file coords-v2.txt (compact mmCIF, C-alpha atoms and all ligand atoms)
# COMPACT_ATOMS: atom_id res chain seq x y z
CA MET A 1 116.77 103.43 83.33
CA ASP A 2 118.13 106.95 82.66
CA LEU A 3 115.89 108.96 84.99
CA LYS A 4 117.43 112.29 83.98
CA LYS A 5 116.73 111.67 80.29
CA LEU A 6 113.15 110.56 81.01
CA ALA A 7 112.57 113.65 83.17
CA ALA A 8 113.97 115.89 80.41
CA ARG A 9 111.66 114.27 77.85
CA HIS A 10 108.48 114.03 79.91
CA GLY A 11 108.87 116.76 82.54
CA THR A 12 108.36 116.39 86.29
CA PRO A 13 106.79 115.23 88.49
CA LEU A 14 107.15 111.93 86.67
CA LEU A 15 106.12 108.54 88.06
CA ILE A 16 107.75 105.73 86.09
CA ILE A 17 106.07 102.33 86.38
CA ASP A 18 108.27 99.47 85.24
CA HIS A 19 106.10 96.55 84.15
CA ALA A 20 109.11 94.21 84.02
CA VAL A 21 109.22 94.53 87.81
CA ILE A 22 105.46 93.86 88.14
CA LYS A 23 105.78 90.71 86.03
CA CYS A 24 108.80 89.57 88.03
CA GLN A 25 106.95 90.10 91.35
CA TYR A 26 103.94 88.20 90.04
CA ARG A 27 106.15 85.27 89.00
CA LYS A 28 107.87 85.37 92.40
CA LEU A 29 104.51 84.99 94.17
CA ARG A 30 103.36 82.29 91.80
CA ASP A 31 106.61 80.31 92.03
CA HIS A 32 107.01 80.54 95.80
CA LEU A 33 103.33 80.08 96.69
CA PRO A 34 102.33 77.46 94.09
CA ARG A 35 99.10 76.53 95.85
CA VAL A 36 97.84 80.12 96.12
CA GLY A 37 95.70 81.75 93.41
CA LEU A 38 96.49 85.46 92.99
CA TYR A 39 93.99 88.32 92.89
CA PHE A 40 95.76 91.69 92.45
CA ALA A 41 94.28 94.27 94.87
CA ILE A 42 93.92 97.08 92.36
CA LYS A 43 93.53 99.69 95.11
CA ALA A 44 97.33 99.62 95.40
CA ASN A 45 97.65 101.00 91.88
CA PRO A 46 94.56 101.12 89.69
CA GLU A 47 96.31 102.12 86.43
CA PRO A 48 94.52 100.30 83.56
CA GLN A 49 97.86 99.32 82.00
CA ILE A 50 98.75 97.38 85.17
CA ILE A 51 95.40 95.56 85.10
CA LYS A 52 96.18 94.67 81.49
CA THR A 53 99.71 93.45 82.16
CA LEU A 54 98.48 91.17 84.93
CA ALA A 55 95.57 89.89 82.82
CA ALA A 56 98.10 88.41 80.41
CA MET A 57 99.60 86.52 83.36
CA ASN A 58 96.22 85.08 84.27
CA ALA A 59 95.79 87.13 87.45
CA GLY A 60 92.52 87.65 89.23
CA TYR A 61 91.52 90.99 90.79
CA ASP A 62 90.43 92.17 94.21
CA VAL A 63 88.17 95.20 93.76
CA ALA A 64 86.87 97.48 96.51
CA SER A 65 84.06 99.29 94.69
CA LEU A 66 81.76 99.24 91.68
CA GLN A 67 84.16 101.67 89.97
CA GLU A 68 87.14 99.33 90.44
CA TYR A 69 85.00 96.42 89.24
CA ARG A 70 84.12 98.32 86.07
CA SER A 71 87.71 99.35 85.56
CA VAL A 72 88.79 95.68 85.58
CA ILE A 73 86.05 94.70 83.14
CA HIS A 74 87.05 97.56 80.80
CA SER A 75 90.82 97.13 81.07
CA VAL A 76 91.10 93.37 80.65
CA PRO A 77 91.48 92.55 76.93
CA ALA A 78 88.56 90.75 75.26
CA SER A 79 90.70 87.65 74.64
CA GLU A 80 90.98 87.13 78.44
CA LYS A 81 87.23 87.36 79.06
CA LYS A 82 85.67 85.47 76.17
CA ASP A 83 83.24 83.91 78.61
CA LEU A 84 82.44 86.99 80.70
CA LYS A 85 80.34 85.20 83.32
CA THR A 86 83.12 82.72 84.07
CA PHE A 87 85.72 85.50 84.09
CA ILE A 88 83.71 87.46 86.67
CA TYR A 89 83.18 84.50 89.01
CA ASP A 90 86.68 83.08 88.65
CA ARG A 91 88.79 86.21 88.52
CA ILE A 92 87.12 88.97 90.55
CA ILE A 93 86.53 89.26 94.30
CA LEU A 94 84.65 92.28 95.63
CA ALA A 95 86.68 92.31 98.83
CA ASN A 96 85.06 95.20 100.66
CA THR A 97 82.94 93.89 103.51
CA ILE A 98 80.68 96.96 103.29
CA LYS A 99 78.97 97.58 99.95
CA PRO A 100 76.48 100.36 99.16
CA ILE A 101 73.00 99.06 98.26
CA ASP A 102 73.29 100.68 94.85
CA THR A 103 76.46 98.66 94.15
CA LEU A 104 74.75 95.41 95.14
CA LYS A 105 71.77 96.25 92.92
CA LYS A 106 74.03 97.00 89.94
CA LEU A 107 75.93 93.74 90.46
CA SER A 108 72.87 91.57 91.03
CA ASN A 109 73.07 90.13 87.51
CA HIS A 110 76.82 89.54 87.67
CA ARG A 111 77.46 86.48 89.81
CA LEU A 112 80.67 87.17 91.71
CA LEU A 113 82.49 86.55 94.98
CA VAL A 114 81.93 89.16 97.71
CA THR A 115 83.14 89.43 101.30
CA PHE A 116 81.07 90.18 104.41
CA ASP A 117 81.66 90.34 108.15
CA ASN A 118 78.33 91.25 109.77
CA SER A 119 74.64 90.37 109.76
CA GLU A 120 73.40 93.73 108.41
CA GLU A 121 75.53 93.18 105.30
CA LEU A 122 74.07 89.69 104.92
CA LYS A 123 70.55 91.19 104.89
CA LYS A 124 71.60 93.62 102.14
CA ILE A 125 73.21 90.85 100.08
CA LYS A 126 70.17 88.59 100.52
CA LYS A 127 67.86 91.34 99.29
CA TYR A 128 69.88 92.86 96.45
CA CYS A 129 72.52 90.33 95.29
CA PRO A 130 71.41 86.88 96.51
CA ASP A 131 73.37 84.89 93.89
CA ALA A 132 76.77 86.16 95.07
CA GLY A 133 79.28 83.64 96.43
CA LEU A 134 80.12 84.80 99.94
CA ILE A 135 83.43 84.94 101.77
CA CYS A 136 83.34 85.66 105.49
CA ARG A 137 86.19 87.91 106.65
CA ILE A 138 87.46 87.24 110.15
CA LYS A 139 89.33 89.64 112.41
CA VAL A 140 92.95 88.61 112.93
CA ALA A 141 95.94 90.15 114.71
CA ASN A 142 97.62 92.95 112.74
CA VAL A 143 100.45 93.31 115.30
CA GLY A 144 103.62 94.67 113.71
CA SER A 145 102.01 95.49 110.37
CA VAL A 146 102.56 99.04 109.12
CA VAL A 147 98.93 99.57 108.06
CA GLU A 148 96.39 98.28 110.58
CA LEU A 149 93.05 97.02 109.21
CA SER A 150 91.59 94.85 111.96
CA SER A 151 89.95 97.70 113.90
CA LYS A 152 87.60 98.25 110.96
CA PHE A 153 87.09 94.81 109.40
CA GLY A 154 86.43 91.21 110.27
CA VAL A 155 84.04 89.30 112.52
CA GLU A 156 85.55 88.01 115.76
CA PRO A 157 86.65 84.39 115.00
CA GLY A 158 84.48 83.16 117.89
CA ASP A 159 81.38 84.62 116.20
CA ALA A 160 82.21 83.52 112.65
CA THR A 161 80.56 80.09 112.73
CA ARG A 162 77.24 81.54 113.92
CA LEU A 163 77.35 84.31 111.29
CA ILE A 164 78.14 81.85 108.48
CA GLU A 165 75.40 79.46 109.60
CA SER A 166 72.91 82.33 109.58
CA ALA A 167 73.94 83.05 105.98
CA PHE A 168 73.38 79.41 104.99
CA SER A 169 70.03 79.27 106.73
CA SER A 170 68.85 82.38 104.89
CA GLY A 171 69.59 80.60 101.59
CA LEU A 172 72.88 82.32 100.76
CA THR A 173 76.01 80.43 99.64
CA VAL A 174 79.16 80.88 101.70
CA GLU A 175 82.19 79.69 99.74
CA GLY A 176 84.89 80.42 102.28
CA LEU A 177 86.80 82.55 104.75
CA SER A 178 89.18 85.48 104.38
CA PHE A 179 91.48 87.55 106.58
CA HIS A 180 93.99 90.36 106.22
CA VAL A 181 97.05 90.46 108.48
CA GLY A 182 97.60 94.19 107.89
CA SER A 183 99.45 95.78 105.01
CA GLN A 184 103.25 95.72 104.93
CA CYS A 185 103.16 92.89 107.45
CA LEU A 186 106.51 92.64 109.23
CA ASN A 187 105.36 89.90 111.60
CA ILE A 188 105.07 86.41 110.09
CA ASP A 189 103.19 85.19 113.20
CA ASN A 190 100.16 87.23 112.06
CA TYR A 191 99.78 84.83 109.12
CA ILE A 192 100.40 81.73 111.22
CA ASN A 193 97.83 82.72 113.87
CA ALA A 194 95.28 83.70 111.20
CA LEU A 195 95.69 80.35 109.42
CA GLU A 196 95.15 78.49 112.68
CA ALA A 197 92.05 80.53 113.54
CA SER A 198 90.68 79.89 110.02
CA ALA A 199 91.35 76.14 110.24
CA SER A 200 89.39 75.95 113.54
CA ILE A 201 86.40 77.64 111.89
CA PHE A 202 86.60 75.28 108.88
CA GLU A 203 86.60 72.33 111.32
CA GLU A 204 83.73 73.64 113.43
CA LEU A 205 81.56 74.30 110.39
CA LYS A 206 82.39 70.87 108.98
CA SER A 207 81.24 69.25 112.21
CA HIS A 208 77.94 71.15 111.74
CA GLY A 209 77.58 69.87 108.18
CA HIS A 210 78.91 72.87 106.22
CA GLU A 211 82.06 72.37 104.15
CA LEU A 212 83.77 75.60 103.07
CA LYS A 213 85.72 75.43 99.80
CA LEU A 214 87.88 78.56 99.77
CA LEU A 215 90.48 80.22 102.00
CA ASN A 216 91.52 83.79 101.13
CA ILE A 217 94.73 84.80 102.94
CA GLY A 218 94.45 88.47 101.89
CA GLY A 219 97.42 90.75 101.24
CA GLY A 220 100.10 92.14 103.53
CA PHE A 221 103.16 90.66 101.75
CA PRO A 222 105.98 93.02 102.73
CA VAL A 223 108.22 95.05 100.45
CA PRO A 224 111.87 95.82 101.36
CA TYR A 225 111.48 99.58 101.91
CA ASP A 226 114.12 99.14 104.61
CA LYS A 227 115.84 96.33 106.51
CA ASN A 228 112.78 95.61 108.73
CA ALA A 229 110.94 93.58 106.07
CA PRO A 230 111.20 89.82 106.58
CA SER A 231 112.52 87.82 103.66
CA PHE A 232 109.71 86.87 101.25
CA LYS A 233 111.21 83.42 100.67
CA LYS A 234 111.13 82.69 104.41
CA LEU A 235 107.53 83.92 104.65
CA ALA A 236 106.52 81.79 101.65
CA ARG A 237 108.17 78.67 103.12
CA LYS A 238 106.26 79.13 106.39
CA LEU A 239 102.99 79.83 104.61
CA ASN A 240 103.27 76.77 102.37
CA GLY A 241 104.02 74.53 105.34
CA GLU A 242 101.13 75.83 107.46
CA ILE A 243 98.62 75.86 104.60
CA ASP A 244 99.42 72.24 103.72
CA ARG A 245 99.35 71.22 107.40
CA LEU A 246 96.00 72.84 108.15
CA PHE A 247 94.00 72.69 104.92
CA PRO A 248 93.34 69.57 102.79
CA LYS A 249 94.30 69.86 99.12
CA LYS A 250 90.69 70.18 98.02
CA ILE A 251 90.45 73.60 99.73
CA GLU A 252 91.24 76.33 97.21
CA VAL A 253 93.63 78.93 98.63
CA VAL A 254 93.86 82.46 97.20
CA ALA A 255 95.55 85.76 98.14
CA GLU A 256 94.95 89.44 97.35
CA PRO A 257 98.42 91.00 97.05
CA GLY A 258 98.55 94.72 96.27
CA ARG A 259 101.73 96.38 97.49
CA PHE A 260 103.99 93.38 96.73
CA LEU A 261 103.18 93.47 93.02
CA VAL A 262 103.55 97.19 92.34
CA ALA A 263 105.59 99.01 95.03
CA GLU A 264 109.04 98.26 93.66
CA ALA A 265 107.93 99.02 90.11
CA GLY A 266 107.49 102.75 90.81
CA THR A 267 110.13 105.51 90.73
CA LEU A 268 109.17 109.16 91.17
CA VAL A 269 111.32 111.95 89.73
CA VAL A 270 110.66 115.48 91.01
CA SER A 271 112.19 118.93 90.53
CA ILE A 272 113.17 121.41 93.17
CA VAL A 273 110.99 124.49 92.64
CA GLY A 274 112.12 126.53 95.68
CA LYS A 275 114.61 126.56 98.54
CA SER A 276 114.85 128.46 101.78
CA VAL A 277 116.66 128.19 105.12
CA ARG A 278 114.21 127.91 108.04
CA ASP A 279 115.34 127.61 111.65
CA GLY A 280 118.84 126.90 110.42
CA LYS A 281 117.79 124.00 108.17
CA MET A 282 117.60 123.93 104.38
CA VAL A 283 114.06 123.37 103.13
CA TYR A 284 113.62 122.16 99.54
CA TYR A 285 110.22 122.72 97.90
CA ILE A 286 109.48 120.14 95.22
CA ASP A 287 106.77 119.84 92.55
CA ASP A 288 104.98 116.85 94.14
CA GLY A 289 103.86 116.31 97.70
CA VAL A 290 101.58 114.61 100.21
CA TYR A 291 98.52 115.78 98.28
CA GLY A 292 99.98 114.07 95.19
CA THR A 293 102.10 110.98 94.56
CA LEU A 294 103.58 111.19 98.07
CA SER A 295 100.14 110.74 99.63
CA GLY A 296 101.41 107.41 100.93
CA VAL A 297 103.44 109.31 103.53
CA VAL A 298 100.08 110.13 105.17
CA PHE A 299 97.67 107.32 104.24
CA ASP A 300 100.12 104.47 103.90
CA HIS A 301 102.60 105.47 106.66
CA ILE A 302 105.60 104.93 104.37
CA PRO A 303 108.49 107.40 104.86
CA TYR A 304 109.82 107.81 101.31
CA HIS A 305 113.42 108.93 101.00
CA PHE A 306 114.91 111.05 98.25
CA LYS A 307 118.14 110.59 96.37
CA SER A 308 119.97 113.25 94.41
CA PHE A 309 121.97 112.99 91.20
CA LYS A 310 124.43 115.56 92.57
CA LYS A 311 127.34 114.62 94.79
CA GLY A 312 128.80 116.76 97.59
CA PRO A 313 128.85 117.15 101.36
CA ALA A 314 125.43 116.17 102.72
CA ALA A 315 123.37 118.09 105.24
CA ILE A 316 120.11 117.22 106.94
CA SER A 317 117.40 119.02 104.98
CA ALA A 318 113.61 119.11 104.84
CA VAL A 319 111.68 118.23 101.67
CA VAL A 320 108.19 119.71 101.31
CA GLY A 321 105.47 119.73 98.67
CA PRO A 322 104.32 122.63 96.49
CA THR A 323 100.94 123.47 98.13
CA CYS A 324 100.13 126.35 100.51
CA ASP A 325 99.79 123.94 103.44
CA ALA A 326 102.46 123.25 106.04
CA PHE A 327 101.02 119.74 106.41
CA ASP A 328 102.43 119.14 102.93
CA THR A 329 105.78 118.13 104.47
CA ILE A 330 107.30 114.94 103.10
CA SER A 331 110.37 114.65 105.27
CA THR A 332 112.13 116.82 107.85
CA ALA A 333 115.35 114.81 107.77
CA GLU A 334 116.75 113.94 104.35
CA SER A 335 120.49 113.75 103.93
CA LEU A 336 121.10 115.78 100.77
CA PRO A 337 123.94 117.75 99.15
CA GLU A 338 123.46 121.47 98.45
CA LEU A 339 120.93 121.63 95.59
CA GLU A 340 119.67 124.36 93.30
CA ILE A 341 116.26 125.23 91.90
CA GLY A 342 115.70 123.00 88.86
CA ASP A 343 117.75 120.11 90.25
CA LEU A 344 116.12 116.69 90.32
CA LEU A 345 115.45 114.28 93.16
CA TYR A 346 114.05 110.77 92.96
CA ALA A 347 112.30 108.30 95.28
CA GLU A 348 112.21 104.54 94.69
CA ASN A 349 109.71 101.79 95.59
CA ILE A 350 106.80 104.20 95.25
CA GLY A 351 104.43 102.23 92.99
CA ALA A 352 101.90 101.27 95.70
CA TYR A 353 99.33 103.52 97.39
CA SER A 354 100.91 106.60 95.78
CA ASN A 355 99.20 107.82 92.58
CA ALA A 356 96.19 105.81 93.81
CA SER A 357 95.41 108.45 96.43
CA ALA A 358 96.82 111.56 94.71
CA THR A 359 94.67 114.71 94.39
CA ASN A 360 94.80 118.03 92.50
CA PHE A 361 94.73 120.09 95.72
CA ASN A 362 95.70 123.75 95.12
CA GLY A 363 95.36 123.12 91.39
CA PHE A 364 98.64 121.29 91.04
CA PRO A 365 98.49 118.61 88.34
CA LYS A 366 99.13 115.02 89.32
CA ALA A 367 102.44 113.48 88.26
CA LYS A 368 102.59 112.18 84.72
CA ILE A 369 102.67 108.38 84.75
CA LEU A 370 105.03 106.68 82.32
CA HIS A 371 104.66 102.94 81.78
CA ILE A 372 107.78 101.16 80.58
CA ASN A 373 108.52 97.53 79.61
CA THR A 374 104.80 96.86 79.20
C1 LIG B 401 90.65 93.53 101.48
C2 LIG B 401 92.05 93.84 101.07
N1 LIG B 401 92.71 92.94 100.31
C3 LIG B 401 93.96 93.18 99.87
C4 LIG B 401 94.61 94.36 100.19
C5 LIG B 401 95.99 94.56 99.66
O1 LIG B 401 96.90 94.51 100.70
P1 LIG B 401 98.46 94.65 100.45
O2 LIG B 401 98.66 95.87 99.61
O3 LIG B 401 99.03 94.75 101.82
O4 LIG B 401 98.92 93.43 99.77
C6 LIG B 401 93.99 95.30 101.02
C7 LIG B 401 94.67 96.53 101.40
O5 LIG B 401 94.20 97.36 102.15
C8 LIG B 401 92.66 95.04 101.47
O6 LIG B 401 91.98 95.92 102.21

call {"tool": "encode", "arguments": {"input": "coords-v2.txt", "output": "structure tokens"}}
result
Amino acid sequence: MDLKKLAARHGTPLLIIDHAVIKCQYRKLRDHLPRVGLYFAIKANPEPQIIKTLAAMNAGYDVASLQEYRSVIHSVPASEKKDLKTFIYDRIILANTIKPIDTLKKLSNHRLLVTFDNSEELKKIKKYCPDAGLICRIKVANVGSVVELSSKFGVEPGDATRLIESAFSSGLTVEGLSFHVGSQCLNIDNYINALEASASIFEELKSHGHELKLLNIGGGFPVPYDKNAPSFKKLARKLNGEIDRLFPKKIEVVAEPGRFLVAEAGTLVVSIVGKSVRDGKMVYYIDDGVYGTLSGVVFDHIPYHFKSFKKGPAAISAVVGPTCDAFDTISTAESLPELEIGDLLYAENIGAYSNASATNFNGFPKAKILHINT
């Protein structure tokens, strides 16, 4: 990929999404986790072209909102959803445990899988979307994951059986359990402990006469941003062993990977639009920032690093965004050669939780997105 040529042709900031990488990551998951059905969490990168690429590979989708649900329905080619009802039930999970009443009302005619983790949500589902297939999300340890989710989601495992039984007794259908070990999970034990907690709940419910059919192991699969990420092959080996040990073959197992599918597909090219020495350190102002594609620095806690095309003695420099806000600081310690206004920088592995949360703050346009190898 000639980044300089692409930047010259398309301008900067330019986010290049390489679909060959997305396809390769999808195959990697499928090949190393053969028992696990895959639902792409589109929140990681909701570009319609990505939804389309994954549709051709038979992926399902994890959606967080009515808008994401509609985006999947619109972006998946007609050939993949000839029988729309089956497509919706088999290939979409509304995996947000809290759903506005209006969303439930609008989805009441579309039978689909939805998650829940509390009794108030069950009342809403019973009233407005009673035909949904339910998945109970349990709270599991997120220790050592970069993005923590357990403080906001999941019923305590000790309370799950009672909650699920109350759903059954109100006439709802609970299909299974889900958990999320935290995004960019660097601690394989989170998965192991969550699988064990889930298996206990399956057993307890079975002894009470309720057989769950589905286990959803969520996302969290780590990306090698740096050397801290455990090897995916090692994680997959452990997961396969524990899933087969704890769950009979008739239990369907699915996952909702987001970051793993798209992070390494993204490369951002930016231009330096200003430079100034402050407190003895060079500060480079670039044409994208934490209000744009680099929003993941704030929301996703990922410290992106920049590379330069120029060679020369490096000095520790700061890289900041273009807005009139000092918070718009991407890094205070990048090792860069002396650069001039108009020079390019690039950041790799920036396809997840980047453009997804970009804004137009201060009127700056979002980066152009270029899809290649679609
Ligand atoms: C419910 C749910 N599923 C899946 C994901 C995707 O997780 P990841 O990008 O770590 O794979 C998230 C991310 O926040 C989530 O909240």

call {"tool": "residues_near_point", "arguments": {"input": "coords-v2.txt", "point": "(92.6, 93.9, 115.1)", "cutoff": "7 Å", "atoms": "all atoms listed in the file", "output": "PDB file with C-alpha atoms, keeping the file's coordinate frame"}}
result
ATOM      1  CA  LYS A 139      89.330  89.640 112.410  1.00  0.00           C
ATOM      2  CA  VAL A 140      92.950  88.610 112.930  1.00  0.00           C
ATOM      3  CA  ALA A 141      95.940  90.150 114.710  1.00  0.00           C
ATOM      4  CA  ASN A 142      97.620  92.950 112.740  1.00  0.00           C
ATOM      5  CA  LEU A 149      93.050  97.020 109.210  1.00  0.00           C
ATOM      6  CA  SER A 150      91.590  94.850 111.960  1.00  0.00           C
ATOM      7  CA  SER A 151      89.950  97.700 113.900  1.00  0.00           C
TER       8      SER A 151
END

call {"tool": "atom_distance", "arguments": {"input": "coords-v2.txt", "atom1": "CA of Tyr89 in chain A", "atom2": "CA of Ser119 in chain A"}}
result
23.2 Å

call {"tool": "atom_distance", "arguments": {"input": "coords-v2.txt", "atom1": "CA of Ser308 in chain A", "atom2": "CA of Tyr291 in chain A"}}
result
21.9 Å

call {"tool": "closest_residue", "arguments": {"input": "coords-v2.txt", "among": "A:Thr332, A:Thr115, A:Thr161, A:Ser79", "to": "ligand LIG 401 (chain B)", "atoms": "only C-alpha atoms and all ligand atoms"}}
result
A:Thr115

call {"tool": "atom_distance", "arguments": {"input": "coords-v2.txt", "atom1": "CA of Leu215 in chain A", "atom2": "atom O5 of ligand LIG 401 (chain B)"}}
result
17.5 Å

call {"tool": "residues_near_ligand", "arguments": {"input": "coords-v2.txt", "ligand": "ligand LIG 401 (chain B)", "cutoff": "10 Å", "atoms": "all atoms listed in the file", "output": "PDB file with C-alpha atoms, in the coordinates of the input"}}
result
ATOM      1  CA  TYR A  39      93.990  88.320  92.890  1.00  0.00           C
ATOM      2  CA  PHE A  40      95.760  91.690  92.450  1.00  0.00           C
ATOM      3  CA  ALA A  41      94.280  94.270  94.870  1.00  0.00           C
ATOM      4  CA  ILE A  42      93.920  97.080  92.360  1.00  0.00           C
ATOM      5  CA  LYS A  43      93.530  99.690  95.110  1.00  0.00           C
ATOM      6  CA  ALA A  44      97.330  99.620  95.400  1.00  0.00           C
ATOM      7  CA  ASN A  45      97.650 101.000  91.880  1.00  0.00           C
ATOM      8  CA  TYR A  61      91.520  90.990  90.790  1.00  0.00           C
ATOM      9  CA  ASP A  62      90.430  92.170  94.210  1.00  0.00           C
ATOM     10  CA  VAL A  63      88.170  95.200  93.760  1.00  0.00           C
ATOM     11  CA  ALA A  64      86.870  97.480  96.510  1.00  0.00           C
ATOM     12  CA  ILE A  93      86.530  89.260  94.300  1.00  0.00           C
ATOM     13  CA  LEU A  94      84.650  92.280  95.630  1.00  0.00           C
ATOM     14  CA  ALA A  95      86.680  92.310  98.830  1.00  0.00           C
ATOM     15  CA  ASN A  96      85.060  95.200 100.660  1.00  0.00           C
ATOM     16  CA  THR A  97      82.940  93.890 103.510  1.00  0.00           C
ATOM     17  CA  THR A 115      83.140  89.430 101.300  1.00  0.00           C
ATOM     18  CA  ARG A 137      86.190  87.910 106.650  1.00  0.00           C
ATOM     19  CA  SER A 145     102.010  95.490 110.370  1.00  0.00           C
ATOM     20  CA  VAL A 146     102.560  99.040 109.120  1.00  0.00           C
ATOM     21  CA  VAL A 147      98.930  99.570 108.060  1.00  0.00           C
ATOM     22  CA  GLU A 148      96.390  98.280 110.580  1.00  0.00           C
ATOM     23  CA  LEU A 149      93.050  97.020 109.210  1.00  0.00           C
ATOM     24  CA  SER A 150      91.590  94.850 111.960  1.00  0.00           C
ATOM     25  CA  PHE A 153      87.090  94.810 109.400  1.00  0.00           C
ATOM     26  CA  SER A 178      89.180  85.480 104.380  1.00  0.00           C
ATOM     27  CA  PHE A 179      91.480  87.550 106.580  1.00  0.00           C
ATOM     28  CA  HIS A 180      93.990  90.360 106.220  1.00  0.00           C
ATOM     29  CA  VAL A 181      97.050  90.460 108.480  1.00  0.00           C
ATOM     30  CA  GLY A 182      97.600  94.190 107.890  1.00  0.00           C
ATOM     31  CA  SER A 183      99.450  95.780 105.010  1.00  0.00           C
ATOM     32  CA  GLN A 184     103.250  95.720 104.930  1.00  0.00           C
ATOM     33  CA  CYS A 185     103.160  92.890 107.450  1.00  0.00           C
ATOM     34  CA  ASN A 216      91.520  83.790 101.130  1.00  0.00           C
ATOM     35  CA  ILE A 217      94.730  84.800 102.940  1.00  0.00           C
ATOM     36  CA  GLY A 218      94.450  88.470 101.890  1.00  0.00           C
ATOM     37  CA  GLY A 219      97.420  90.750 101.240  1.00  0.00           C
ATOM     38  CA  GLY A 220     100.100  92.140 103.530  1.00  0.00           C
ATOM     39  CA  PHE A 221     103.160  90.660 101.750  1.00  0.00           C
ATOM     40  CA  PRO A 222     105.980  93.020 102.730  1.00  0.00           C
ATOM     41  CA  VAL A 223     108.220  95.050 100.450  1.00  0.00           C
ATOM     42  CA  ALA A 255      95.550  85.760  98.140  1.00  0.00           C
ATOM     43  CA  GLU A 256      94.950  89.440  97.350  1.00  0.00           C
ATOM     44  CA  PRO A 257      98.420  91.000  97.050  1.00  0.00           C
ATOM     45  CA  GLY A 258      98.550  94.720  96.270  1.00  0.00           C
ATOM     46  CA  ARG A 259     101.730  96.380  97.490  1.00  0.00           C
ATOM     47  CA  PHE A 260     103.990  93.380  96.730  1.00  0.00           C
ATOM     48  CA  LEU A 261     103.180  93.470  93.020  1.00  0.00           C
ATOM     49  CA  VAL A 262     103.550  97.190  92.340  1.00  0.00           C
ATOM     50  CA  ALA A 263     105.590  99.010  95.030  1.00  0.00           C
ATOM     51  CA  ASP A 300     100.120 104.470 103.900  1.00  0.00           C
ATOM     52  CA  ALA A 352     101.900 101.270  95.700  1.00  0.00           C
ATOM     53  CA  TYR A 353      99.330 103.520  97.390  1.00  0.00           C
TER      54      TYR A 353
END

call {"tool": "residues_near_point", "arguments": {"input": "coords-v2.txt", "point": "(106.4, 77.7, 109.0)", "cutoff": "12 Å", "atoms": "only C-alpha atoms", "output": "ChimeraX atom specification"}}
result
/A:188-193,195-196,233-246

call {"tool": "residues_around", "arguments": {"input": "coords-v2.txt", "residues": "His110 in chain A", "least_positions_apart": "5", "cutoff": "12 Å", "atoms": "all atoms listed in the file", "output": "MDAnalysis selection string"}}
result
chainID A and resid 66 69:70 73 84:90 92:94 103:105 128:133

call {"tool": "closest_residue", "arguments": {"input": "coords-v2.txt", "among": "A:Leu214, A:Ile125, A:Ile164, A:Leu38", "to": "Lys106 in chain A", "atoms": "only C-alpha atoms"}}
result
A:Ile125

call {"tool": "residues_around", "arguments": {"input": "coords-v2.txt", "residues": "Cys324 in chain A", "least_positions_apart": "5", "cutoff": "12 Å", "atoms": "all atoms listed in the file", "output": "PDB file with C-alpha atoms, in the frame of the given file"}}
result
ATOM      1  CA  TYR A 285     110.220 122.720  97.900  1.00  0.00           C
ATOM      2  CA  GLY A 289     103.860 116.310  97.700  1.00  0.00           C
ATOM      3  CA  VAL A 290     101.580 114.610 100.210  1.00  0.00           C
ATOM      4  CA  TYR A 291      98.520 115.780  98.280  1.00  0.00           C
ATOM      5  CA  THR A 329     105.780 118.130 104.470  1.00  0.00           C
ATOM      6  CA  PHE A 361      94.730 120.090  95.720  1.00  0.00           C
ATOM      7  CA  ASN A 362      95.700 123.750  95.120  1.00  0.00           C
ATOM      8  CA  GLY A 363      95.360 123.120  91.390  1.00  0.00           C
ATOM      9  CA  PHE A 364      98.640 121.290  91.040  1.00  0.00           C
TER      10      PHE A 364
END

call {"tool": "residues_around", "arguments": {"input": "coords-v2.txt", "residues": "Ile286 in chain A", "least_positions_apart": "2", "cutoff": "9 Å", "atoms": "all atoms listed in the file", "output": "list of chain:residue names"}}
result
A:Pro13, A:Val270, A:Ser271, A:Ile272, A:Val273, A:Gly274, A:Lys275, A:Tyr284, A:Asp288, A:Gly289, A:Val319, A:Val320, A:Gly321, A:Pro322, A:Leu344, A:Leu345

call {"tool": "closest_residue", "arguments": {"input": "coords-v2.txt", "among": "A:Val298, A:Ala229, A:Ala160, A:Val76", "to": "Ser198 in chain A", "atoms": "all atoms listed in the file"}}
result
A:Ala160

call {"tool": "decode", "arguments": {"input": "coords-v2.txt", "residues": "range 133-138 of chain A", "atoms": "N, CA and C atoms", "output": "short mmCIF file (atom, residue, chain, number, x, y, z; two decimals), in the first residue's frame"}}
result
data_model
loop_
_atom_site.label_atom_id
_atom_site.label_comp_id
_atom_site.auth_asym_id
_atom_site.auth_seq_id
_atom_site.Cartn_x
_atom_site.Cartn_y
_atom_site.Cartn_z
N GLY A 133 -36.34 -13.60 21.38
CA GLY A 133 -35.60 -14.67 22.05
C GLY A 133 -34.62 -13.98 23.00
N LEU A 134 -34.62 -14.37 24.26
CA LEU A 134 -33.82 -13.62 25.24
C LEU A 134 -32.48 -14.29 25.56
N ILE A 135 -31.51 -13.43 25.81
CA ILE A 135 -30.19 -13.90 26.25
C ILE A 135 -29.85 -13.11 27.52
N CYS A 136 -29.61 -13.82 28.60
CA CYS A 136 -29.32 -13.15 29.86
C CYS A 136 -27.81 -12.89 29.97
N ARG A 137 -27.45 -11.61 30.14
CA ARG A 137 -26.02 -11.28 30.26
C ARG A 137 -25.62 -11.30 31.73
N ILE A 138 -24.56 -12.04 32.01
CA ILE A 138 -24.06 -12.09 33.39
C ILE A 138 -22.82 -11.21 33.52
#
